[in-house]
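So this block is coords_17.cif, mmCIF, C-alpha atoms and all ligand atoms:
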```cif
data_protein
loop_
_atom_site.label_atom_id
_atom_site.label_comp_id
_atom_site.auth_asym_id
_atom_site.auth_seq_id
_atom_site.Cartn_x
_atom_site.Cartn_y
_atom_site.Cartn_z
CA MET C 1 -0.37 -52.66 21.82
CA GLU C 2 0.60 -52.14 18.19
CA ASN C 3 0.26 -54.44 15.24
CA ILE C 4 3.62 -53.87 13.64
CA LEU C 5 3.44 -56.51 10.94
CA SER C 6 1.08 -56.45 7.99
CA GLU C 7 -1.13 -59.53 7.54
CA LYS C 8 1.28 -60.79 4.90
CA GLU C 9 4.35 -60.24 7.09
CA LEU C 10 2.64 -61.88 10.06
CA LYS C 11 1.91 -64.94 7.95
CA GLU C 12 5.53 -65.04 6.81
CA PHE C 13 6.80 -64.58 10.38
CA ARG C 14 4.58 -67.41 11.66
CA LYS C 15 5.73 -69.67 8.84
CA LEU C 16 9.42 -68.95 9.48
CA LEU C 17 8.92 -69.78 13.16
CA ASP C 18 6.84 -72.89 12.44
CA ASP C 19 9.25 -74.29 9.87
CA CYS C 20 12.49 -73.98 11.83
CA THR C 21 14.07 -76.45 14.23
CA LYS C 22 17.53 -75.00 14.86
CA VAL C 23 17.67 -71.29 15.45
CA VAL C 24 20.64 -68.99 15.94
CA ILE C 25 20.02 -65.61 17.53
CA SER C 26 22.63 -62.89 17.47
CA ALA C 27 23.00 -59.15 18.04
CA HIS C 28 25.51 -56.34 17.70
CA VAL C 29 29.16 -56.33 18.70
CA GLY C 30 29.67 -54.91 22.15
CA PRO C 31 26.31 -56.31 23.20
CA ASP C 32 24.40 -54.09 25.62
CA GLY C 33 21.36 -54.79 27.77
CA ASP C 34 18.96 -54.49 24.85
CA ALA C 35 21.07 -56.77 22.63
CA ILE C 36 21.37 -59.47 25.30
CA GLY C 37 17.86 -59.00 26.72
CA SER C 38 16.06 -59.09 23.38
CA ALA C 39 18.11 -62.06 22.15
CA LEU C 40 17.54 -64.03 25.36
CA GLY C 41 13.87 -63.07 25.59
CA LEU C 42 13.34 -64.47 22.15
CA ALA C 43 15.59 -67.49 22.80
CA ASN C 44 13.68 -68.43 25.96
CA TYR C 45 10.39 -68.06 24.10
CA LEU C 46 11.49 -70.23 21.16
CA ARG C 47 12.99 -72.87 23.48
CA ARG C 48 9.67 -73.11 25.31
CA LYS C 49 8.11 -73.70 21.89
CA GLY C 50 10.42 -76.67 21.42
CA LYS C 51 13.05 -75.08 19.20
CA GLN C 52 16.75 -75.75 19.55
CA VAL C 53 18.19 -72.27 20.05
CA THR C 54 21.77 -71.03 20.17
CA VAL C 55 22.47 -67.44 21.15
CA ALA C 56 25.81 -66.38 19.66
CA MET C 57 27.25 -62.91 20.25
CA PRO C 58 30.14 -61.37 18.29
CA ASN C 59 32.15 -60.68 21.44
CA ILE C 60 31.99 -60.47 25.21
CA PHE C 61 29.21 -58.71 27.08
CA PRO C 62 29.28 -56.90 30.44
CA ASP C 63 29.26 -58.91 33.66
CA PHE C 64 26.20 -57.02 34.92
CA LEU C 65 24.07 -58.82 32.32
CA LYS C 66 25.15 -62.33 33.35
CA TRP C 67 22.21 -62.84 35.72
CA MET C 68 19.75 -62.92 32.82
CA PRO C 69 18.01 -66.28 32.30
CA GLY C 70 19.94 -68.07 29.57
CA ALA C 71 23.02 -65.84 29.69
CA ASP C 72 25.30 -68.67 30.82
CA SER C 73 24.81 -70.57 27.57
CA ILE C 74 25.57 -67.66 25.21
CA LEU C 75 28.38 -68.45 22.77
CA ILE C 76 30.99 -65.71 22.35
CA TYR C 77 32.39 -65.72 18.83
CA THR C 78 35.80 -64.30 19.76
CA ARG C 79 36.21 -67.09 22.34
CA GLN C 80 34.22 -70.01 20.90
CA GLN C 81 34.71 -69.43 17.22
CA GLU C 82 34.31 -73.01 16.01
CA GLN C 83 31.19 -73.67 18.08
CA ALA C 84 29.54 -70.44 17.01
CA LYS C 85 30.42 -71.05 13.37
CA ALA C 86 29.02 -74.60 13.54
CA ALA C 87 25.79 -73.35 15.12
CA VAL C 88 25.32 -70.79 12.35
CA GLU C 89 26.07 -73.40 9.67
CA GLN C 90 23.54 -75.83 11.11
CA ALA C 91 20.81 -73.26 11.72
CA ASP C 92 17.66 -73.29 9.63
CA LEU C 93 16.66 -69.83 10.90
CA ILE C 94 18.83 -66.90 11.96
CA ILE C 95 17.35 -64.05 13.95
CA ILE C 96 19.39 -60.88 14.31
CA CYS C 97 18.50 -58.38 17.00
CA ASP C 98 19.31 -54.75 17.69
CA LEU C 99 21.49 -53.81 14.74
CA ASN C 100 20.90 -52.19 11.37
CA GLN C 101 24.00 -53.27 9.42
CA PRO C 102 25.41 -56.80 9.05
CA SER C 103 28.90 -55.38 9.68
CA ARG C 104 27.81 -54.87 13.31
CA LEU C 105 28.01 -58.68 13.64
CA ASN C 106 31.81 -58.38 13.32
CA GLY C 107 33.37 -61.84 12.93
CA LEU C 108 29.98 -63.53 12.79
CA GLU C 109 29.01 -61.54 9.71
CA GLU C 110 30.66 -63.76 7.12
CA HIS C 111 29.08 -66.94 8.54
CA VAL C 112 25.64 -65.38 8.90
CA MET C 113 25.78 -64.01 5.35
CA ALA C 114 27.09 -67.31 3.94
CA SER C 115 24.26 -69.32 5.51
CA LEU C 116 21.37 -70.38 3.29
CA ALA C 117 18.96 -70.25 6.23
CA PRO C 118 16.31 -67.52 6.16
CA ARG C 119 17.12 -64.48 8.29
CA ILE C 120 14.89 -62.19 10.32
CA LEU C 121 16.04 -58.77 11.50
CA ILE C 122 14.35 -57.30 14.57
CA ASP C 123 15.63 -53.81 15.35
CA HIS C 124 14.97 -50.19 16.25
CA HIS C 125 17.95 -48.36 14.70
CA LEU C 126 17.51 -45.86 11.88
CA ASP C 127 18.25 -46.82 8.26
CA PRO C 128 18.19 -50.62 8.36
CA ALA C 129 20.08 -52.51 5.68
CA PHE C 130 17.90 -55.05 3.87
CA PHE C 131 19.84 -58.30 4.18
CA CYS C 132 17.11 -60.46 5.70
CA GLN C 133 13.99 -62.20 4.35
CA LEU C 134 11.93 -60.38 6.95
CA THR C 135 12.96 -56.98 8.29
CA VAL C 136 11.12 -55.76 11.35
CA SER C 137 12.56 -52.28 11.87
CA ARG C 138 10.87 -49.84 14.23
CA PRO C 139 13.12 -46.83 14.89
CA GLU C 140 10.44 -45.09 16.93
CA MET C 141 10.54 -47.85 19.52
CA CYS C 142 12.67 -47.51 22.64
CA ALA C 143 14.36 -50.90 22.39
CA THR C 144 14.46 -54.06 20.37
CA GLY C 145 12.88 -55.60 23.48
CA GLU C 146 9.85 -53.41 22.83
CA VAL C 147 9.65 -54.52 19.20
CA ILE C 148 9.60 -58.13 20.41
CA CYS C 149 6.79 -57.37 22.88
CA HIS C 150 4.66 -56.13 19.99
CA LEU C 151 5.57 -59.16 17.88
CA LEU C 152 4.56 -61.50 20.71
CA HIS C 153 1.35 -59.53 21.07
CA GLN C 154 0.66 -59.99 17.38
CA LEU C 155 1.32 -63.71 17.69
CA GLY C 156 -1.25 -63.75 20.51
CA GLU C 157 1.43 -64.87 22.96
CA LEU C 158 2.30 -61.83 25.05
CA ASN C 159 -0.03 -62.74 27.89
CA SER C 160 1.27 -66.28 28.20
CA ILE C 161 5.03 -65.78 28.10
CA SER C 162 7.13 -67.15 30.96
CA GLN C 163 8.67 -65.04 33.69
CA ASP C 164 12.13 -65.72 32.22
CA GLU C 165 11.03 -64.34 28.88
CA ALA C 166 9.38 -61.30 30.47
CA VAL C 167 12.41 -60.56 32.65
CA CYS C 168 14.71 -60.42 29.61
CA LEU C 169 12.38 -58.19 27.60
CA TYR C 170 11.86 -55.82 30.52
CA ALA C 171 15.63 -55.61 31.09
CA ALA C 172 16.15 -54.88 27.40
CA MET C 173 13.77 -51.92 27.50
CA MET C 174 15.03 -50.69 30.86
CA CYS C 175 18.65 -50.72 29.69
CA ASP C 176 18.05 -48.83 26.45
CA THR C 177 16.06 -46.07 28.18
CA GLY C 178 18.18 -45.47 31.29
CA ALA C 179 15.42 -47.07 33.34
CA PHE C 180 12.80 -45.14 31.38
CA SER C 181 14.47 -41.78 31.88
CA PHE C 182 15.02 -41.05 28.15
CA ASN C 183 13.57 -42.05 24.79
CA SER C 184 10.54 -43.49 26.53
CA ASN C 185 7.62 -41.07 26.21
CA ARG C 186 5.44 -43.22 23.95
CA PRO C 187 2.49 -44.37 26.08
CA VAL C 188 2.51 -47.84 24.55
CA ILE C 189 5.89 -48.52 26.21
CA PHE C 190 4.06 -48.58 29.49
CA GLU C 191 1.45 -50.90 28.06
CA CYS C 192 4.30 -53.30 27.27
CA ILE C 193 5.61 -52.92 30.81
CA SER C 194 2.16 -53.56 32.20
CA HIS C 195 1.93 -56.83 30.27
CA LEU C 196 5.40 -57.86 31.44
CA LEU C 197 4.62 -57.02 35.08
CA ALA C 198 1.48 -59.12 34.80
CA ARG C 199 3.77 -62.11 34.17
CA GLY C 200 5.02 -61.69 37.73
CA ILE C 201 8.42 -60.12 37.18
CA ASP C 202 10.10 -58.06 39.91
CA LYS C 203 11.17 -54.89 38.11
CA ASP C 204 12.85 -53.47 41.22
CA GLN C 205 15.05 -56.55 41.44
CA ILE C 206 15.88 -56.24 37.73
CA TYR C 207 16.90 -52.62 38.30
CA ARG C 208 19.23 -53.65 41.14
CA ASN C 209 20.63 -56.55 39.09
CA VAL C 210 21.72 -54.10 36.39
CA PHE C 211 22.54 -50.88 38.16
CA TYR C 212 23.61 -51.88 41.69
CA THR C 213 26.33 -54.36 40.90
CA ALA C 214 29.32 -52.08 40.60
CA SER C 215 32.74 -53.29 41.65
CA GLU C 216 34.77 -51.15 44.00
CA GLY C 217 36.99 -50.44 40.98
CA ARG C 218 34.11 -49.00 38.99
CA LEU C 219 33.13 -46.55 41.68
CA ARG C 220 36.71 -45.42 42.22
CA LEU C 221 37.23 -45.16 38.46
CA GLN C 222 34.05 -43.10 38.17
CA GLY C 223 35.35 -40.70 40.80
CA TYR C 224 38.69 -40.44 39.04
CA LEU C 225 37.21 -39.91 35.57
CA LEU C 226 34.88 -37.17 36.78
CA TYR C 227 37.44 -35.47 39.03
CA VAL C 228 40.60 -35.74 36.94
CA ASN C 229 39.77 -36.59 33.33
CA MET C 230 36.50 -34.81 32.56
CA LYS C 231 36.82 -31.64 30.50
CA VAL C 232 33.88 -29.28 30.44
CA LEU C 233 33.64 -27.10 27.32
CA HIS C 234 31.19 -24.60 28.78
CA ASN C 235 30.93 -22.60 25.55
CA TYR C 236 29.81 -25.69 23.70
CA ARG C 237 27.79 -27.19 26.55
CA THR C 238 29.83 -30.33 25.99
CA THR C 239 31.85 -32.64 28.25
CA ILE C 240 34.66 -34.99 27.25
CA ILE C 241 35.91 -37.93 29.30
CA THR C 242 38.90 -40.06 28.29
CA LEU C 243 40.01 -43.49 29.50
CA THR C 244 43.14 -45.33 28.40
CA ASN C 245 43.97 -48.99 28.91
CA GLU C 246 46.79 -47.93 31.23
CA GLU C 247 44.26 -46.21 33.51
CA ARG C 248 41.95 -49.18 33.21
CA ARG C 249 44.68 -51.46 34.53
CA ARG C 250 45.41 -49.08 37.38
CA PHE C 251 41.81 -49.30 38.60
CA ASN C 252 41.50 -53.02 37.95
CA VAL C 253 38.47 -52.27 35.79
CA LYS C 254 36.24 -55.22 34.91
CA ASN C 255 34.46 -55.75 31.64
CA GLY C 256 31.34 -53.57 31.74
CA ASP C 257 32.63 -51.28 34.46
CA THR C 258 32.51 -48.23 32.20
CA GLU C 259 28.98 -48.89 30.94
CA GLY C 260 26.73 -45.88 31.45
CA LEU C 261 29.49 -43.52 32.61
CA VAL C 262 28.99 -41.41 29.49
CA ASN C 263 25.56 -40.37 30.77
CA ILE C 264 26.77 -38.89 34.05
CA PRO C 265 28.15 -35.52 32.81
CA LEU C 266 24.73 -34.67 31.36
CA GLN C 267 23.67 -34.22 34.98
CA ILE C 268 25.59 -30.91 34.93
CA LEU C 269 23.05 -28.12 34.47
CA GLY C 270 22.93 -26.91 30.86
CA MET C 271 25.04 -29.65 29.26
CA ARG C 272 23.79 -30.92 25.91
CA LEU C 273 26.46 -33.36 24.74
CA SER C 274 28.69 -35.87 26.52
CA ILE C 275 31.52 -37.66 24.73
CA PHE C 276 33.43 -40.59 26.21
CA ILE C 277 36.65 -41.66 24.49
CA ASN C 278 37.52 -45.15 25.59
CA GLU C 279 40.57 -47.09 24.39
CA ASP C 280 39.49 -50.49 23.10
CA THR C 281 40.57 -53.27 25.47
CA GLU C 282 40.67 -55.86 22.71
CA HIS C 283 42.36 -53.55 20.18
CA PRO C 284 44.74 -51.14 21.90
CA GLY C 285 45.29 -48.13 19.66
CA THR C 286 41.63 -48.04 18.65
CA MET C 287 39.56 -45.41 20.42
CA LYS C 288 35.87 -46.17 20.89
CA LEU C 289 33.67 -43.13 21.21
CA SER C 290 30.33 -42.94 22.94
CA LEU C 291 28.10 -39.91 22.48
CA ARG C 292 25.04 -38.95 24.47
CA SER C 293 22.92 -35.84 24.04
CA VAL C 294 19.72 -34.29 25.29
CA ASP C 295 16.88 -32.73 23.32
CA ASP C 296 17.43 -32.57 19.59
CA PHE C 297 21.23 -32.58 19.29
CA PRO C 298 21.98 -35.23 16.62
CA CYS C 299 24.74 -37.44 18.04
CA ASP C 300 24.32 -39.85 15.16
CA GLN C 301 25.20 -37.16 12.62
CA MET C 302 28.33 -36.20 14.53
CA ALA C 303 29.32 -39.86 14.90
CA SER C 304 28.90 -40.64 11.22
CA ARG C 305 30.66 -37.47 10.07
CA PHE C 306 33.66 -37.56 12.42
CA PHE C 307 33.91 -40.95 14.13
CA ASN C 308 33.14 -43.62 11.50
CA GLY C 309 30.01 -44.53 13.40
CA GLY C 310 26.35 -43.79 13.82
CA GLY C 311 23.47 -44.75 16.07
CA HIS C 312 20.52 -42.90 17.47
CA LYS C 313 19.84 -39.17 17.78
CA ASN C 314 20.62 -39.09 21.50
CA ALA C 315 22.99 -42.05 21.74
CA SER C 316 25.59 -42.92 19.19
CA GLY C 317 29.11 -44.21 18.88
CA GLY C 318 32.02 -44.81 16.59
CA LYS C 319 35.72 -45.50 16.53
CA LEU C 320 39.02 -43.92 15.54
CA VAL C 321 42.33 -45.69 15.00
CA CYS C 322 44.74 -43.15 16.53
CA THR C 323 46.24 -41.99 19.80
CA MET C 324 44.15 -40.58 22.61
CA GLU C 325 45.57 -37.11 21.90
CA GLU C 326 44.58 -37.33 18.23
CA ALA C 327 41.11 -38.54 19.19
CA CYS C 328 40.71 -35.51 21.47
CA GLU C 329 41.69 -33.23 18.59
CA THR C 330 39.10 -34.85 16.31
CA VAL C 331 36.48 -34.49 19.03
CA LYS C 332 37.29 -30.78 19.39
CA LYS C 333 36.97 -30.32 15.64
CA ALA C 334 33.63 -32.12 15.65
CA VAL C 335 32.34 -29.98 18.51
CA GLU C 336 33.43 -26.77 16.77
CA THR C 337 31.73 -27.88 13.55
CA PHE C 338 28.49 -28.51 15.39
CA SER C 339 28.85 -25.45 17.63
CA GLU C 340 25.73 -23.70 16.33
CA MET C 341 23.61 -26.64 17.46
CA LEU C 342 25.30 -26.82 20.87
CA LYS C 343 25.15 -23.21 22.02
P1 LIG C 401 27.49 -47.06 22.96
O1 LIG C 401 27.89 -45.68 23.29
O2 LIG C 401 26.56 -47.62 24.00
O3 LIG C 401 28.63 -47.94 22.61
O4 LIG C 401 26.64 -46.98 21.62
C1 LIG C 401 25.44 -46.25 21.58
C2 LIG C 401 24.77 -46.49 20.24
O5 LIG C 401 25.60 -45.99 19.22
C3 LIG C 401 24.59 -47.95 19.90
O6 LIG C 401 23.35 -48.40 20.33
C4 LIG C 401 24.70 -47.98 18.41
O7 LIG C 401 23.46 -47.66 17.85
C5 LIG C 401 25.62 -46.82 18.09
N1 LIG C 401 27.01 -47.21 17.82
C6 LIG C 401 28.00 -47.43 18.71
N2 LIG C 401 29.16 -47.71 18.09
C7 LIG C 401 28.91 -47.67 16.77
C8 LIG C 401 29.72 -47.87 15.60
O8 LIG C 401 30.93 -48.13 15.65
N3 LIG C 401 29.08 -47.74 14.39
C9 LIG C 401 27.76 -47.41 14.29
N4 LIG C 401 27.20 -47.31 13.09
N5 LIG C 401 26.98 -47.23 15.38
C10 LIG C 401 27.53 -47.34 16.59
MN MN C 402 18.86 -51.24 21.31
#
```
Please express the file's structure as structure tokens.
Amino acid sequence: MENILSEKELKEFRKLLDDCTKVVISAHVGPDGDAIGSALGLANYLRRKGKQVTVAMPNIFPDFLKWMPGADSILIYTRQQEQAKAAVEQADLIIICDLNQPSRLNGLEEHVMASLAPRILIDHHLDPAFFCQLTVSRPEMCATGEVICHLLHQLGELNSISQDEAVCLYAAMMCDTGAFSFNSNRPVIFECISHLLARGIDKDQIYRNVFYTASEGRLRLQGYLLYVNMKVLHNYRTTIITLTNEERRRFNVKNGDTEGLVNIPLQILGMRLSIFINEDTEHPGTMKLSLRSVDDFPCDQMASRFFNGGGHKNASGGKLVCTMEEACETVKKAVETFSEMLK
């Protein structure tokens, strides 16, 4: 395992944890498995240590993460605004997971930034903003869940965490690596997994909890998107899938039902880039883009240059306020601009 904090940082981290009584933990808007898993892993750990912990997310998270221990008590800012705001105001420590910019907290941002409580950032995205007393940023790590494993190791706690804590951290890492099929070649990842398995977790069950819980609608939608909507730009080794809210209604799509679909076209031999343009359910007229690539194609550069976004090299996203047709035009322009790197 790695010692990711210097002696000085470790001392500061311990002191922040020792001194707090009411903790708020949050993560990025559109929380994914790593956001929810790392936040809950940490929340379960701190609760076991006697802290009063509130997990507050900026907005809703997918149904396939609801089985995670502690998920039922997560506050959703867009639905429980007053409660979430009060929790942030009363907190004497705020821990922010899996984001690199405070703007990714959406509505929670202003309350988190207005609070006088110390803040800790725990993350693995590139280019972290420094808005916290302690910034633990490890872009080489596969997930924020992994960063937390190393922190627990450094606290001397990794081998005594509960099953609930281990389950959340494993799920976080599994979700951000496509069940360890990408961004997961560092040997120490499997050291983390080994420690988590030693806590008695059932990783096969966790896999089924996340990946084998599709609704009928999701499977039918998947068939439709691949058969009807997917465009393959062979010359650019790129695929584009679109999904409007009208289509979503037609397939009775549940929250989370489109998660992971962007990865599927990369199964086509030779494809390097997959782009999914998804109309925002909460803000019709806003198109959310998800990008996934293989090898060294820099999705994050394309997302920041063309889609007001960013992210990781092989997984990034952004958004455009426009029609679906206009979004497709912008995507085509982006692909042409990056054509040398795609061919
Ligand atoms: P997803 O496709 O799963 O929504 O997002 C993949 C990754 O892209 C996220 O983990 C995040 O790092 C990044 N990302 C997604 N949307 C945005 C965005 O609007 N702005 C920025 N800066 N990054 C984003
Ligand atoms: Mn993550």
Open item on the list: ligand LIG 401 (chain C): which residues are within 8 Å, counting only C-alpha atoms and all ligand atoms? Reply as a list in words.
Closed with: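 Those within range of ligand LIG 401 (chain C) are Gly30, Asp32, Asp98, Leu99, Gln101, Arg104, His125, Glu259, Gly260, Val262, Lys288, Leu289, Ser290, Leu291, Arg292, Asp300, Ala303, Ser304, Phe307, Asn308, Gly309, Gly310, Gly311, His312, Ala315, Ser316, Gly317, Gly318 and Lys319 of chain C.
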TODO: Kindly indicate which residue among C:Ala334, C:Leu197, C:Val188, C:Ile36 lies nearest to ligand MN 402 (chain C), using only C-alpha atoms and all ligand atoms for the distances.
DONE: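 The closest residue to ligand MN 402 (chain C) is C:Ile36.
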TODO: Report as a list in words which protein, DNA and RNA residues come within 8 Å of ligand MN 402 (chain C), using all atoms listed in the file.
DONE: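 Those residues are Asp32, Gly33, Asp34, Ala35, Asp98, Leu99, Asp123, His124, His125, Cys142, Ala143, Thr144, Gly145, Ala172 and Asp176 of chain C.
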Up to 12 Å from (11.5, -70.7, 9.5) in the file's coordinates: name the residues, counting all atoms listed in the file, as a compact mmCIF listing (two decimals) with C-alpha atoms, in the frame of the given file.
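Full text of part22.txt as output:
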```
# COMPACT_ATOMS: atom_id res chain seq x y z
CA LYS C 11 1.91 -64.94 7.95
CA GLU C 12 5.53 -65.04 6.81
CA PHE C 13 6.80 -64.58 10.38
CA ARG C 14 4.58 -67.41 11.66
CA LYS C 15 5.73 -69.67 8.84
CA LEU C 16 9.42 -68.95 9.48
CA LEU C 17 8.92 -69.78 13.16
CA ASP C 18 6.84 -72.89 12.44
CA ASP C 19 9.25 -74.29 9.87
CA CYS C 20 12.49 -73.98 11.83
CA THR C 21 14.07 -76.45 14.23
CA LYS C 22 17.53 -75.00 14.86
CA VAL C 23 17.67 -71.29 15.45
CA VAL C 24 20.64 -68.99 15.94
CA LEU C 46 11.49 -70.23 21.16
CA LYS C 51 13.05 -75.08 19.20
CA ALA C 91 20.81 -73.26 11.72
CA ASP C 92 17.66 -73.29 9.63
CA LEU C 93 16.66 -69.83 10.90
CA ILE C 94 18.83 -66.90 11.96
CA ILE C 95 17.35 -64.05 13.95
CA LEU C 116 21.37 -70.38 3.29
CA ALA C 117 18.96 -70.25 6.23
CA PRO C 118 16.31 -67.52 6.16
CA ARG C 119 17.12 -64.48 8.29
CA ILE C 120 14.89 -62.19 10.32
CA GLN C 133 13.99 -62.20 4.35
CA LEU C 134 11.93 -60.38 6.95
```
As AutoDock Vina command-line options, what would the box around segment 32-49 of chain C look like: edges along x, y and z, 8 Å added on every side, centre and edge lengths in Å to one decimal?
```
--center_x 16.3 --center_y -63.9 --center_z 24.5 --size_x 32.3 --size_y 35.6 --size_z 22.6
```
Task: Close residues, Arg249 of chain C itself excluded, 12 Å, all atoms listed in the file, min 3 positions apart in chain, as an NGL selection string - done: :C and (217-218 or 221 or 243-246 or 252-255 or 279 or 281)
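Pairwise distance (atom CA of Phe338 of chain C, atom CA of Met302 of chain C) equals 7.7 Å.
The interatomic distance for the pair atom CA of Gly178 of chain C and atom CA of Leu233 of chain C works out to 24.3 Å.
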List the spatial neighbours of Met113 of chain C as an mmCIF file with C-alpha atoms, keeping the file's coordinate frame - criterion: any atom at most 9 Å away, all atoms listed in the file, same-chain residues fewer than 5 positions off excluded.
```
data_model
loop_
_atom_site.group_PDB
_atom_site.id
_atom_site.type_symbol
_atom_site.label_atom_id
_atom_site.label_comp_id
_atom_site.auth_asym_id
_atom_site.auth_seq_id
_atom_site.Cartn_x
_atom_site.Cartn_y
_atom_site.Cartn_z
ATOM 1 C CA PRO C 102 25.410 -56.800 9.050
ATOM 2 C CA LEU C 108 29.980 -63.530 12.790
ATOM 3 C CA PHE C 131 19.840 -58.300 4.180
#
```
Task: Top pick for closest residue to Glu336 of chain C, considering C:Thr213, C:Tyr236, C:Cys97, C:Ile268 and counting only C-alpha atoms - done: C:Tyr236
TODO: Identify, on the basis of all atoms listed in the file, every residue whose closest approach to Ala214 of chain C does not exceed 10 Å; exclude the query and any residue fewer than 2 positions from it along the same chain; express the result as a list in words.
DONE: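 Residues meeting the cut-off are Asp63, Phe64, Asn209, Val210, Phe211, Tyr212, Glu216, Gly217, Arg218, Leu219, Lys254, Gly256, Asp257 and Thr258 of chain C.
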TODO: May I ask for the distance between atom CA of Ile161 of chain C and atom CA of Arg199 of chain C, given in Å to one decimal place?
DONE: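 Computing the Euclidean distance for atom CA of Ile161 of chain C and atom CA of Arg199 of chain C yields 7.2 Å.
Closest approach to Thr286 of chain C among C:Ser162, C:Thr323, C:Asn183, C:Gln154: C:Thr323, based on all atoms listed in the file.
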- [ ] Just the residues within 12 Å of Glu325 of chain C, please, counting all atoms listed in the file, with nothing from its chain fewer than 3 positions along; format it as number ranges by chain.
- [x] C: 242-244, 277-279, 285, 287, 320-322, 328-332
Asp202 of chain C environment, 12 Å, only C-alpha atoms, sequence neighbours closer than 3 positions dropped, as a PDB file with C-alpha atoms, in the coordinates of the input:
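This went into part_0.pdb:
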```
ATOM      1  CA  GLN C 163       8.670 -65.040  33.690  1.00  0.00           C
ATOM      2  CA  ASP C 164      12.130 -65.720  32.220  1.00  0.00           C
ATOM      3  CA  ALA C 166       9.380 -61.300  30.470  1.00  0.00           C
ATOM      4  CA  VAL C 167      12.410 -60.560  32.650  1.00  0.00           C
ATOM      5  CA  CYS C 168      14.710 -60.420  29.610  1.00  0.00           C
ATOM      6  CA  TYR C 170      11.860 -55.820  30.520  1.00  0.00           C
ATOM      7  CA  ALA C 171      15.630 -55.610  31.090  1.00  0.00           C
ATOM      8  CA  ILE C 193       5.610 -52.920  30.810  1.00  0.00           C
ATOM      9  CA  SER C 194       2.160 -53.560  32.200  1.00  0.00           C
ATOM     10  CA  LEU C 196       5.400 -57.860  31.440  1.00  0.00           C
ATOM     11  CA  LEU C 197       4.620 -57.020  35.080  1.00  0.00           C
ATOM     12  CA  ALA C 198       1.480 -59.120  34.800  1.00  0.00           C
ATOM     13  CA  ARG C 199       3.770 -62.110  34.170  1.00  0.00           C
ATOM     14  CA  GLN C 205      15.050 -56.550  41.440  1.00  0.00           C
ATOM     15  CA  ILE C 206      15.880 -56.240  37.730  1.00  0.00           C
ATOM     16  CA  TYR C 207      16.900 -52.620  38.300  1.00  0.00           C
ATOM     17  CA  ARG C 208      19.230 -53.650  41.140  1.00  0.00           C
ATOM     18  CA  ASN C 209      20.630 -56.550  39.090  1.00  0.00           C
TER      19      ASN C 209
END
```
